[in-house]
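Following: one structure in structure tokens, then a few remarks.
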Amino acid sequence: MSYYKVDNLEQYFKHYNKSVREPRKFWDRIADENFTWYQKWDKVVEFDMQEADVKWFINAKVNITKNCIDRHLAKRGNKTAIIFEPNNPDEEAQHITYNELYDRVAKMANALRKQGIKKGDRVCIYLPMIPELAVSVLACARIGAVHSVIFAGFSASAVAARVNDCEAKLLITSDGAYRGSKTIELKSIIDEALKTCPTVENVWVVKRTNTDVKMVEGRDKWLQPLVDAEDANSVAEIMDAEDPLFILYTSGSTGKPKGMLHTTAGYMVYSAYTFKNIFAYEENDVYWCTADIGWITGHSYIVYGPLLNGATTVIFEGVPSYPEFDRFWQVIDKHKVTQFYTAPTAIRSLAKEDWKWVDKHDLSTLKVIGSVGEPINEEAWHWYNDHVGKKKSPVVDTWWQTETGGIMISPIPFVTPTKPTYATLPLPGIQPVLMDERRNEIEENQTAGSLCIKFPWPGMARTIWGDHKRFKETYFSTFPGKYFTGDGALRDEVGYYRITGRVDDVIIVSGHNLGTAPIEDAINEHPSVAESAIVGFPHDVKGNALYGFITLKEAGAWRNQDNLIKEINEHISSHIGPIAKLDKIQFVNGLPKTRSGKIMRRILRKIAEGDFSNFGDTTTLLNPEIVDEIKEGRIN
Ligand code: 7RM
């Protein structure tokens, strides 16, 4: 296999420049050398970025599960494909080989066909992080059904909205889910949701927690007997390169969730290529990404990317704090993990605890450690680099989106020198640009702008399910002819990118554009601060002023509030400048976050403005209860 593996910076630039000069040739070779196809393409790419129409590998025929499983069987049949680490550390881990994965996927694929599920039908999957989740995803892909995984922490109404939007015929769930010390009754959430979902004909139920459930006659079936009755052989559906592979909903800041549609061949090529390069995966490595498969990170970097590379991938059912704060480090030690990929929110919450939790365990197998989901602040970056990576495993700060399908900007380990808070350089094949307020491309370095991508890449989403107009307007209209990410970025003197946050969150103070990330970074540098979020509020003189919401490492550390506030503002002054000093600071017990751990600044902005109406949908929050508490403590 060859993915233009780069061994040094010089080679990186060589490949990078080639990928810009001859993108078709570049992707043609990657697609040609690393996959099995029923039929190759007539043309590498066709696109019209004005109309948001993009197609890759025209007329190629392929099945992604043949590439994830079948083609590894001869050489890696007895190799572990999936390590399942249960929520409860006393429950034995499972090692599922590629041979066993084949059998399980084949049986479920056959059961799906028997149920009447056909190519193009939508299947929603609402499962905890257990092997059946990956198997369900792959079984759908095997028969050409379009999977839509819904994170198993969403409420009944959030589930119903997604199921109805894609008009799913089948829903796969479990009796319950273990999450730390709790058991969540998934099936009863589904029963509630399905009261308003007329398209769902059947519900398959995985037994996980042995929770009592109501089975609706004719509609609901236990999964195990269905798959047990099937043969462990299943012909893969021949898919066109542009046939839909999956829909994944992303909440967006307002309005109805967007069903991002990814198609078959481009997504396959891109998730495989990025996984191999960014995690420097080698044959006997054990790779672990802590995301949930309900997010794009889990799709691309727990299931598809690793399996396409014949890797061993860990599926972890639990949470970082159960039974204690060392669970991540204990699991790394236990399974001899070589690549570890997590989110800044998890890093910050663990960095709040004593690093003795980390030092209790042998992390010497680690080679690469990654971060994704939000800007990683400098203090968290150093904590991760020093205590987890031991200054020898590079931190790959990977910038990408549900919409991009895979990682776009990231260091390549052992090639790109890392720099705290910088996602660094685009992968070969990716052409980022910064745009100024006049919508012109900024050529020079040491500058800031709106981050766009100016040439298509195979992993990009093709549309929003059922709403191409919204797709075009959201991503291709602000800067005509380019894909607009919605993020702001800085580019330093050597061309490294630093993501500064969503442009919607940018605050203009006395005519200056301030990104949220660099200011929060300066605040987080203060030794008492755990996390922070800043928003703007109207101000008579400056137009806007800054309001900071801050959590502290030690509850009650704000006893000497005045000093703390002064010190925090001094940090900001010296790191960024007096312009970015906070007018108001509120110490809080937590920040409102999405279920994937991103801070929801939209809600904080409303509170800062004193507008308590119309917070939008807060049921998708991880911690909805925190909102009232913050409202009550608002600084006038
Ligand atoms: C993979 C994922 C996408 C948004 C994106 C950014 C933010 C993600 C980073 C980051 C700074 C990073 N998909 N984001 N990674 N910001 N540095 N390394 O998170 O669709 O859920 O979110 O997340 O704002 O646009 S997502």
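We name chains A, B, ... following the order of the structure tokens; residues begin at 1 in each chain, and ligands are numbered from 1 as shown.
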*Within 9 Å of stretch 473-481 of chain A, counting only C-alpha atoms, which residues qualify if same-chain residues fewer than 4 places away don't, as a ChimeraX atom specification?*
/A:48-52,435,439-440,452,454-455,468-469,485-486
*asked:* Show me, as JSON, numbers by chain, the residues that have an atom within 12 Å of A:Trp357 when counting only C-alpha atoms, minus same-chain residues fewer than 4 positions from it.
replied: {"A": [320, 321, 324, 325, 326, 327, 328, 329, 330, 350, 351, 352, 353, 361, 362, 363, 387, 388]}
*What is the distance between atom CA of A:Ala152 and atom CA of A:Phe615, in Å to one decimal?*
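Computing it gives 23.0 Å between the two atoms.
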Closest pair table for chain A residues within 8 Å of ligand 1, only C-alpha atoms and all ligand atoms, as JSON lines:
{"residue": "A:Thr250", "atom": "CA", "partner": "ligand 1", "partner_atom_place_in_ligand_line": "20 (O)", "distance": 6.5}
{"residue": "A:Trp295", "atom": "CA", "partner": "ligand 1", "partner_atom_place_in_ligand_line": "21 (O)", "distance": 6.8}
{"residue": "A:Ile296", "atom": "CA", "partner": "ligand 1", "partner_atom_place_in_ligand_line": "13 (N)", "distance": 6.2}
{"residue": "A:Thr297", "atom": "CA", "partner": "ligand 1", "partner_atom_place_in_ligand_line": "1 (C)", "distance": 5.4}
{"residue": "A:Ser371", "atom": "CA", "partner": "ligand 1", "partner_atom_place_in_ligand_line": "18 (N)", "distance": 6.2}
{"residue": "A:Val372", "atom": "CA", "partner": "ligand 1", "partner_atom_place_in_ligand_line": "15 (N)", "distance": 4.4}
{"residue": "A:Gly373", "atom": "CA", "partner": "ligand 1", "partner_atom_place_in_ligand_line": "8 (C)", "distance": 3.5}
{"residue": "A:Glu374", "atom": "CA", "partner": "ligand 1", "partner_atom_place_in_ligand_line": "10 (C)", "distance": 3.7}
{"residue": "A:Pro375", "atom": "CA", "partner": "ligand 1", "partner_atom_place_in_ligand_line": "11 (C)", "distance": 3.4}
{"residue": "A:Ile376", "atom": "CA", "partner": "ligand 1", "partner_atom_place_in_ligand_line": "17 (N)", "distance": 6.2}
{"residue": "A:Asp397", "atom": "CA", "partner": "ligand 1", "partner_atom_place_in_ligand_line": "18 (N)", "distance": 4.9}
{"residue": "A:Thr398", "atom": "CA", "partner": "ligand 1", "partner_atom_place_in_ligand_line": "18 (N)", "distance": 4.2}
{"residue": "A:Trp399", "atom": "CA", "partner": "ligand 1", "partner_atom_place_in_ligand_line": "18 (N)", "distance": 3.6}
{"residue": "A:Trp400", "atom": "CA", "partner": "ligand 1", "partner_atom_place_in_ligand_line": "1 (C)", "distance": 4.9}
{"residue": "A:Gln401", "atom": "CA", "partner": "ligand 1", "partner_atom_place_in_ligand_line": "13 (N)", "distance": 3.5}
{"residue": "A:Thr402", "atom": "CA", "partner": "ligand 1", "partner_atom_place_in_ligand_line": "20 (O)", "distance": 3.7}
{"residue": "A:Glu403", "atom": "CA", "partner": "ligand 1", "partner_atom_place_in_ligand_line": "20 (O)", "distance": 6.3}
{"residue": "A:Gly406", "atom": "CA", "partner": "ligand 1", "partner_atom_place_in_ligand_line": "1 (C)", "distance": 7.5}
{"residue": "A:Ile407", "atom": "CA", "partner": "ligand 1", "partner_atom_place_in_ligand_line": "1 (C)", "distance": 7.5}
{"residue": "A:Ile409", "atom": "CA", "partner": "ligand 1", "partner_atom_place_in_ligand_line": "18 (N)", "distance": 8.0}
{"residue": "A:Ser410", "atom": "CA", "partner": "ligand 1", "partner_atom_place_in_ligand_line": "18 (N)", "distance": 7.7}
{"residue": "A:Thr421", "atom": "CA", "partner": "ligand 1", "partner_atom_place_in_ligand_line": "17 (N)", "distance": 7.7}
{"residue": "A:Tyr422", "atom": "CA", "partner": "ligand 1", "partner_atom_place_in_ligand_line": "17 (N)", "distance": 7.8}
{"residue": "A:Ala423", "atom": "CA", "partner": "ligand 1", "partner_atom_place_in_ligand_line": "18 (N)", "distance": 6.0}
{"residue": "A:Thr485", "atom": "CA", "partner": "ligand 1", "partner_atom_place_in_ligand_line": "25 (O)", "distance": 6.2}
{"residue": "A:Gly486", "atom": "CA", "partner": "ligand 1", "partner_atom_place_in_ligand_line": "25 (O)", "distance": 6.3}
{"residue": "A:Asp487", "atom": "CA", "partner": "ligand 1", "partner_atom_place_in_ligand_line": "24 (O)", "distance": 5.5}
{"residue": "A:Arg498", "atom": "CA", "partner": "ligand 1", "partner_atom_place_in_ligand_line": "17 (N)", "distance": 7.4}
{"residue": "A:Ile499", "atom": "CA", "partner": "ligand 1", "partner_atom_place_in_ligand_line": "11 (C)", "distance": 4.9}
{"residue": "A:Thr500", "atom": "CA", "partner": "ligand 1", "partner_atom_place_in_ligand_line": "11 (C)", "distance": 6.8}
{"residue": "A:Gly501", "atom": "CA", "partner": "ligand 1", "partner_atom_place_in_ligand_line": "24 (O)", "distance": 5.4}
{"residue": "A:Arg502", "atom": "CA", "partner": "ligand 1", "partner_atom_place_in_ligand_line": "24 (O)", "distance": 5.3}
{"residue": "A:Ser596", "atom": "CA", "partner": "ligand 1", "partner_atom_place_in_ligand_line": "21 (O)", "distance": 7.2}
{"residue": "A:Lys598", "atom": "CA", "partner": "ligand 1", "partner_atom_place_in_ligand_line": "23 (O)", "distance": 7.6}
Using 12 Å as the limit and counting only C-alpha atoms, can you tabulate each residue of stretch 242-347 of chain A that touches stretch 525-533 of chain A, with its shortest atom-to-atom distance in Å and the two atoms involved, as JSON lines?
{"residue": "A:Pro344", "atom": "CA", "partner": "A:Glu531", "partner_atom": "CA", "distance": 10.4}
{"residue": "A:Thr345", "atom": "CA", "partner": "A:Glu531", "partner_atom": "CA", "distance": 8.8}
{"residue": "A:Ala346", "atom": "CA", "partner": "A:Glu531", "partner_atom": "CA", "distance": 11.4}
{"residue": "A:Ile347", "atom": "CA", "partner": "A:Ala530", "partner_atom": "CA", "distance": 10.6}
*asked:* Just to confirm, what's the straight-line distance from atom CA of A:Leu261 to atom CA of A:Val105 in Å (one decimal)?
replied: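 Distance between the two atoms: 22.6 Å.
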*A:Cys68, A:Ile576, A:Val286, A:Ala280: which is nearest A:Val396, counting only C-alpha atoms?*
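Closest residue, counting only C-alpha atoms: A:Ala280.
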Considering only C-alpha atoms, give me a table of residues in stretch 453-569 of chain A that are at most 10 Å from stretch 16-33 of chain A, with the closest atom pair and distance in Å for each, as a tab-separated table.
residue	atom	partner	partner_atom	distance
A:Phe455	CA	A:Pro23	CA	8.8
A:Pro456	CA	A:Pro23	CA	9.3
A:Trp457	CA	A:Trp27	CA	8.7
A:Pro458	CA	A:Trp27	CA	8.2
Suppose we keep N, CA and C atoms; can you now write the selection as a CSV table (one decimal), in the first residue's frame?
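And here is the file that came out, part_31.csv:
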chain,number,residue,atom,x,y,z
A,455,PHE,N,-10.2,23.9,-3.6
A,455,PHE,CA,-10.4,22.8,-4.6
A,455,PHE,C,-11.1,21.7,-3.9
A,456,PRO,N,-12.0,20.9,-4.6
A,456,PRO,CA,-12.6,19.8,-3.9
A,456,PRO,C,-11.7,18.7,-3.5
A,457,TRP,N,-12.1,17.9,-2.6
A,457,TRP,CA,-11.3,16.8,-2.1
A,457,TRP,C,-12.3,15.6,-2.0
A,458,PRO,N,-11.8,14.4,-2.1
A,458,PRO,CA,-12.7,13.2,-2.2
A,458,PRO,C,-13.7,13.0,-1.0
*Running DSSP on the backbone, which parts of stretch 347-573 of chain A land in strand (DSSP E), as a PyMOL selection string?*
chain A and resi 368-371+395-397+432-435+441-442+447-453+463-464+483-491+497-502+507-509+512-514+529-539+543-552
*Within 6 Å of stretch 536-552 of chain A, counting only C-alpha atoms, which residues qualify if same-chain residues fewer than 2 places away don't, as a VMD selection string?*
chain A and resid 507 509 to 510 528 to 534 554 582 to 589 609
*Using atom CA of A:His262 and atom CA of A:Ser155 as the two end points, give the distance in Å to one decimal.*
24.5 Å
What are the DSSP alpha helix (DSSP H) residues of stretch 16-197 of chain A, as a compact mmCIF listing (two decimals) with N, CA, C and O atoms, in the first residue's frame?
# COMPACT_ATOMS: atom_id res chain seq x y z
N TYR A 16 3.04 17.91 -1.56
CA TYR A 16 2.01 18.94 -1.45
C TYR A 16 1.91 19.73 -2.75
O TYR A 16 0.83 19.91 -3.31
N ASN A 17 3.07 20.17 -3.23
CA ASN A 17 3.07 20.99 -4.44
C ASN A 17 2.55 20.21 -5.64
O ASN A 17 1.81 20.74 -6.47
N LYS A 18 2.91 18.96 -5.68
CA LYS A 18 2.42 18.10 -6.76
C LYS A 18 0.89 17.98 -6.69
O LYS A 18 0.19 18.04 -7.71
N SER A 19 0.37 17.84 -5.46
CA SER A 19 -1.08 17.67 -5.29
C SER A 19 -1.84 18.91 -5.71
O SER A 19 -3.00 18.83 -6.10
N VAL A 20 -1.18 20.07 -5.64
CA VAL A 20 -1.83 21.31 -6.06
C VAL A 20 -1.72 21.48 -7.58
O VAL A 20 -2.67 21.89 -8.24
N ARG A 21 -0.56 21.12 -8.09
CA ARG A 21 -0.34 21.23 -9.54
C ARG A 21 -1.20 20.26 -10.32
O ARG A 21 -1.80 20.60 -11.34
N PRO A 23 -3.90 17.79 -9.14
CA PRO A 23 -4.74 17.10 -8.15
C PRO A 23 -5.34 15.80 -8.69
O PRO A 23 -5.46 14.82 -7.96
N ARG A 24 -5.69 15.79 -9.97
CA ARG A 24 -6.32 14.58 -10.52
C ARG A 24 -5.36 13.40 -10.50
O ARG A 24 -5.71 12.29 -10.12
N LYS A 25 -4.14 13.69 -10.91
CA LYS A 25 -3.11 12.65 -10.92
C LYS A 25 -2.82 12.17 -9.50
O LYS A 25 -2.64 10.97 -9.26
N PHE A 26 -2.78 13.11 -8.58
CA PHE A 26 -2.49 12.80 -7.19
C PHE A 26 -3.52 11.81 -6.61
O PHE A 26 -3.18 10.76 -6.09
N TRP A 27 -4.81 12.16 -6.75
CA TRP A 27 -5.85 11.30 -6.18
C TRP A 27 -6.03 10.02 -6.98
O TRP A 27 -6.38 8.98 -6.44
N ASP A 28 -5.79 10.11 -8.26
CA ASP A 28 -5.88 8.92 -9.11
C ASP A 28 -4.93 7.84 -8.59
O ASP A 28 -5.30 6.67 -8.45
N ARG A 29 -3.73 8.23 -8.27
CA ARG A 29 -2.74 7.25 -7.82
C ARG A 29 -3.11 6.67 -6.45
O ARG A 29 -3.01 5.46 -6.23
N ILE A 30 -3.56 7.51 -5.55
CA ILE A 30 -3.94 7.01 -4.22
C ILE A 30 -5.10 6.02 -4.34
O ILE A 30 -5.08 4.94 -3.74
N ALA A 31 -6.09 6.37 -5.14
CA ALA A 31 -7.26 5.49 -5.29
C ALA A 31 -6.87 4.19 -5.99
O ALA A 31 -7.40 3.12 -5.69
N ASP A 32 -5.96 4.30 -6.92
CA ASP A 32 -5.57 3.15 -7.73
C ASP A 32 -4.77 2.12 -6.93
O ASP A 32 -4.92 0.92 -7.11
N GLU A 33 -3.93 2.58 -6.03
CA GLU A 33 -2.96 1.68 -5.41
C GLU A 33 -3.41 1.04 -4.11
O GLU A 33 -2.78 0.12 -3.64
N ASN A 34 -4.49 1.53 -3.51
CA ASN A 34 -4.77 1.10 -2.14
C ASN A 34 -6.11 0.40 -1.92
O ASN A 34 -6.45 0.11 -0.78
N ILE A 64 -17.37 -0.61 0.09
CA ILE A 64 -16.40 -0.20 1.11
C ILE A 64 -16.09 -1.34 2.09
O ILE A 64 -14.99 -1.46 2.59
N THR A 65 -17.08 -2.24 2.33
CA THR A 65 -16.81 -3.31 3.30
C THR A 65 -15.90 -4.39 2.72
O THR A 65 -15.21 -5.08 3.46
N LYS A 66 -15.89 -4.56 1.41
CA LYS A 66 -14.91 -5.46 0.78
C LYS A 66 -13.52 -4.95 1.11
O LYS A 66 -12.58 -5.72 1.32
N ASN A 67 -13.38 -3.62 1.14
CA ASN A 67 -12.09 -3.00 1.42
C ASN A 67 -11.77 -2.96 2.90
O ASN A 67 -10.61 -2.97 3.29
N CYS A 68 -12.81 -2.89 3.74
CA CYS A 68 -12.59 -2.87 5.19
C CYS A 68 -12.32 -4.27 5.74
O CYS A 68 -11.68 -4.41 6.77
N LEU A 73 -8.63 -10.65 4.65
CA LEU A 73 -8.78 -11.97 5.25
C LEU A 73 -7.61 -12.91 4.94
O LEU A 73 -7.17 -13.65 5.83
N ALA A 74 -7.09 -12.86 3.74
CA ALA A 74 -6.01 -13.77 3.38
C ALA A 74 -4.79 -13.56 4.28
O ALA A 74 -4.20 -14.51 4.81
N LYS A 75 -4.44 -12.32 4.49
CA LYS A 75 -3.23 -12.02 5.26
C LYS A 75 -3.50 -11.79 6.74
O LYS A 75 -2.66 -12.06 7.59
N ARG A 76 -4.67 -11.24 7.05
CA ARG A 76 -4.91 -10.78 8.43
C ARG A 76 -6.16 -11.41 9.05
O ARG A 76 -6.74 -10.84 9.97
N TYR A 98 -10.47 -10.24 12.22
CA TYR A 98 -11.05 -9.90 10.91
C TYR A 98 -11.96 -11.02 10.42
O TYR A 98 -13.02 -10.75 9.84
N ASN A 99 -11.57 -12.29 10.65
CA ASN A 99 -12.46 -13.40 10.26
C ASN A 99 -13.80 -13.31 10.98
O ASN A 99 -14.86 -13.47 10.37
N GLU A 100 -13.74 -13.08 12.30
CA GLU A 100 -14.99 -12.99 13.07
C GLU A 100 -15.81 -11.78 12.65
O GLU A 100 -17.05 -11.83 12.58
N LEU A 101 -15.13 -10.68 12.36
CA LEU A 101 -15.85 -9.49 11.93
C LEU A 101 -16.58 -9.77 10.61
O LEU A 101 -17.73 -9.38 10.42
N TYR A 102 -15.89 -10.48 9.72
CA TYR A 102 -16.54 -10.86 8.46
C TYR A 102 -17.84 -11.63 8.73
O TYR A 102 -18.90 -11.30 8.19
N ASP A 103 -17.75 -12.64 9.59
CA ASP A 103 -18.93 -13.47 9.88
C ASP A 103 -20.07 -12.62 10.45
O ASP A 103 -21.23 -12.76 10.06
N ARG A 104 -19.72 -11.78 11.38
CA ARG A 104 -20.77 -11.00 12.04
C ARG A 104 -21.42 -10.01 11.09
O ARG A 104 -22.64 -9.81 11.13
N VAL A 105 -20.61 -9.38 10.26
CA VAL A 105 -21.16 -8.42 9.30
C VAL A 105 -22.00 -9.15 8.26
O VAL A 105 -23.11 -8.71 7.90
N ALA A 106 -21.50 -10.30 7.79
CA ALA A 106 -22.23 -11.06 6.77
C ALA A 106 -23.60 -11.50 7.30
O ALA A 106 -24.63 -11.36 6.62
N LYS A 107 -23.61 -12.01 8.52
CA LYS A 107 -24.88 -12.46 9.09
C LYS A 107 -25.87 -11.30 9.24
O LYS A 107 -27.06 -11.44 8.92
N MET A 108 -25.37 -10.19 9.71
CA MET A 108 -26.31 -9.08 9.87
C MET A 108 -26.76 -8.54 8.52
O MET A 108 -27.93 -8.15 8.35
N ALA A 109 -25.86 -8.53 7.55
CA ALA A 109 -26.22 -8.08 6.20
C ALA A 109 -27.34 -8.97 5.65
O ALA A 109 -28.32 -8.48 5.08
N ASN A 110 -27.20 -10.28 5.84
CA ASN A 110 -28.24 -11.20 5.36
C ASN A 110 -29.57 -10.96 6.08
O ASN A 110 -30.64 -11.01 5.47
N ALA A 111 -29.47 -10.72 7.38
CA ALA A 111 -30.70 -10.46 8.14
C ALA A 111 -31.37 -9.17 7.66
O ALA A 111 -32.61 -9.09 7.58
N LEU A 112 -30.56 -8.17 7.33
CA LEU A 112 -31.14 -6.91 6.81
C LEU A 112 -31.88 -7.19 5.51
O LEU A 112 -33.00 -6.70 5.30
N ARG A 113 -31.25 -7.96 4.64
CA ARG A 113 -31.91 -8.27 3.35
C ARG A 113 -33.20 -9.02 3.60
O ARG A 113 -34.22 -8.75 2.96
N LYS A 114 -33.16 -9.97 4.53
CA LYS A 114 -34.37 -10.76 4.82
C LYS A 114 -35.49 -9.86 5.35
O LYS A 114 -36.67 -10.07 5.07
N PRO A 131 -19.61 -3.53 20.14
CA PRO A 131 -19.23 -4.00 18.80
C PRO A 131 -20.38 -3.99 17.80
O PRO A 131 -20.18 -3.72 16.62
N GLU A 132 -21.61 -4.26 18.27
CA GLU A 132 -22.77 -4.28 17.35
C GLU A 132 -22.95 -2.95 16.63
O GLU A 132 -23.55 -2.91 15.55
N LEU A 133 -22.48 -1.87 17.21
CA LEU A 133 -22.59 -0.57 16.55
C LEU A 133 -21.75 -0.57 15.28
O LEU A 133 -22.23 -0.22 14.19
N ALA A 134 -20.49 -0.98 15.39
CA ALA A 134 -19.63 -1.04 14.20
C ALA A 134 -20.17 -2.08 13.21
O ALA A 134 -20.19 -1.84 12.00
N VAL A 135 -20.62 -3.20 13.73
CA VAL A 135 -21.12 -4.27 12.86
C VAL A 135 -22.37 -3.79 12.10
O VAL A 135 -22.51 -4.04 10.89
N SER A 136 -23.25 -3.06 12.77
CA SER A 136 -24.46 -2.55 12.10
C SER A 136 -24.12 -1.59 10.97
O SER A 136 -24.70 -1.63 9.89
N VAL A 137 -23.17 -0.69 11.26
CA VAL A 137 -22.73 0.27 10.26
C VAL A 137 -22.21 -0.47 9.02
O VAL A 137 -22.59 -0.19 7.88
N LEU A 138 -21.36 -1.46 9.27
CA LEU A 138 -20.73 -2.19 8.16
C LEU A 138 -21.75 -3.06 7.42
O LEU A 138 -21.68 -3.20 6.19
N ALA A 139 -22.71 -3.63 8.16
CA ALA A 139 -23.72 -4.47 7.51
C ALA A 139 -24.58 -3.64 6.57
O ALA A 139 -24.94 -4.07 5.47
N CYS A 140 -24.91 -2.42 6.97
CA CYS A 140 -25.66 -1.52 6.09
C CYS A 140 -24.84 -1.25 4.83
O CYS A 140 -25.34 -1.34 3.70
N ALA A 141 -23.57 -0.89 5.04
CA ALA A 141 -22.71 -0.56 3.90
C ALA A 141 -22.56 -1.77 2.96
O ALA A 141 -22.44 -1.61 1.75
N ARG A 142 -22.58 -2.95 3.54
CA ARG A 142 -22.42 -4.17 2.73
C ARG A 142 -23.57 -4.32 1.72
O ARG A 142 -23.37 -4.73 0.59
N ILE A 143 -24.78 -3.97 2.16
CA ILE A 143 -25.94 -4.16 1.26
C ILE A 143 -26.37 -2.85 0.60
O ILE A 143 -27.36 -2.81 -0.11
N ALA A 156 -35.54 11.71 22.98
CA ALA A 156 -36.53 11.15 22.06
C ALA A 156 -36.88 12.15 20.95
O ALA A 156 -36.98 11.77 19.78
N SER A 157 -37.02 13.42 21.29
CA SER A 157 -37.43 14.36 20.25
C SER A 157 -36.30 14.59 19.25
O SER A 157 -36.55 14.74 18.04
N ALA A 158 -35.06 14.60 19.72
CA ALA A 158 -33.92 14.75 18.80
C ALA A 158 -33.82 13.52 17.89
O ALA A 158 -33.51 13.65 16.69
N VAL A 159 -34.09 12.35 18.44
CA VAL A 159 -34.06 11.12 17.63
C VAL A 159 -35.15 11.20 16.56
O VAL A 159 -34.91 10.96 15.38
N ALA A 160 -36.36 11.56 17.00
CA ALA A 160 -37.49 11.58 16.06
C ALA A 160 -37.22 12.55 14.91
O ALA A 160 -37.51 12.24 13.75
N ALA A 161 -36.66 13.70 15.20
CA ALA A 161 -36.39 14.69 14.15
C ALA A 161 -35.46 14.09 13.09
O ALA A 161 -35.66 14.29 11.88
N ARG A 162 -34.44 13.35 13.54
CA ARG A 162 -33.47 12.77 12.61
C ARG A 162 -34.07 11.59 11.83
O ARG A 162 -33.88 11.48 10.62
N VAL A 163 -34.79 10.74 12.54
CA VAL A 163 -35.41 9.58 11.89
C VAL A 163 -36.40 10.05 10.82
O VAL A 163 -36.44 9.51 9.71
N ASN A 164 -37.18 11.07 11.15
CA ASN A 164 -38.17 11.56 10.19
C ASN A 164 -37.53 12.27 9.01
O ASN A 164 -37.99 12.17 7.88
N ASP A 165 -36.46 13.00 9.28
CA ASP A 165 -35.82 13.72 8.18
C ASP A 165 -35.29 12.75 7.13
O ASP A 165 -35.38 13.02 5.94
N CYS A 166 -34.74 11.61 7.56
CA CYS A 166 -34.19 10.68 6.55
C CYS A 166 -35.17 9.57 6.21
O CYS A 166 -34.88 8.72 5.37
N LEU A 186 -32.26 2.87 26.77
CA LEU A 186 -32.34 3.32 25.38
C LEU A 186 -33.66 2.93 24.72
O LEU A 186 -34.26 3.73 24.00
N LYS A 187 -34.08 1.71 24.95
CA LYS A 187 -35.28 1.24 24.24
C LYS A 187 -36.49 2.09 24.59
O LYS A 187 -37.32 2.38 23.71
N SER A 188 -36.62 2.51 25.84
CA SER A 188 -37.81 3.31 26.15
C SER A 188 -37.71 4.71 25.51
O SER A 188 -38.74 5.29 25.16
N ILE A 189 -36.49 5.22 25.32
CA ILE A 189 -36.35 6.50 24.60
C ILE A 189 -36.82 6.31 23.15
O ILE A 189 -37.53 7.15 22.59
N ILE A 190 -36.45 5.16 22.58
CA ILE A 190 -36.86 4.87 21.19
C ILE A 190 -38.39 4.70 21.11
O ILE A 190 -39.02 5.21 20.18
N ASP A 191 -38.97 4.01 22.07
CA ASP A 191 -40.43 3.84 22.05
C ASP A 191 -41.12 5.20 22.04
O ASP A 191 -42.10 5.42 21.32
N GLU A 192 -40.61 6.11 22.84
CA GLU A 192 -41.16 7.46 22.90
C GLU A 192 -40.97 8.17 21.55
O GLU A 192 -41.92 8.73 20.99
N ALA A 193 -39.76 8.09 21.03
CA ALA A 193 -39.45 8.78 19.76
C ALA A 193 -40.33 8.26 18.62
O ALA A 193 -40.86 9.05 17.83
N LEU A 194 -40.52 6.94 18.58
CA LEU A 194 -41.19 6.35 17.42
C LEU A 194 -42.69 6.61 17.39
O LEU A 194 -43.36 6.35 16.38
_Close residues, A:Pro394 itself excluded, 9 Å, only C-alpha atoms, min 5 positions apart in chain, as a list in words_ =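 Neighbouring residues, sequence-local ones excluded: Lys367, Val368, Ile369, Gly370, Asn385, Gly389, Pro411, Ile412, Pro413, Phe414, Pro417 and Thr418 of chain A.
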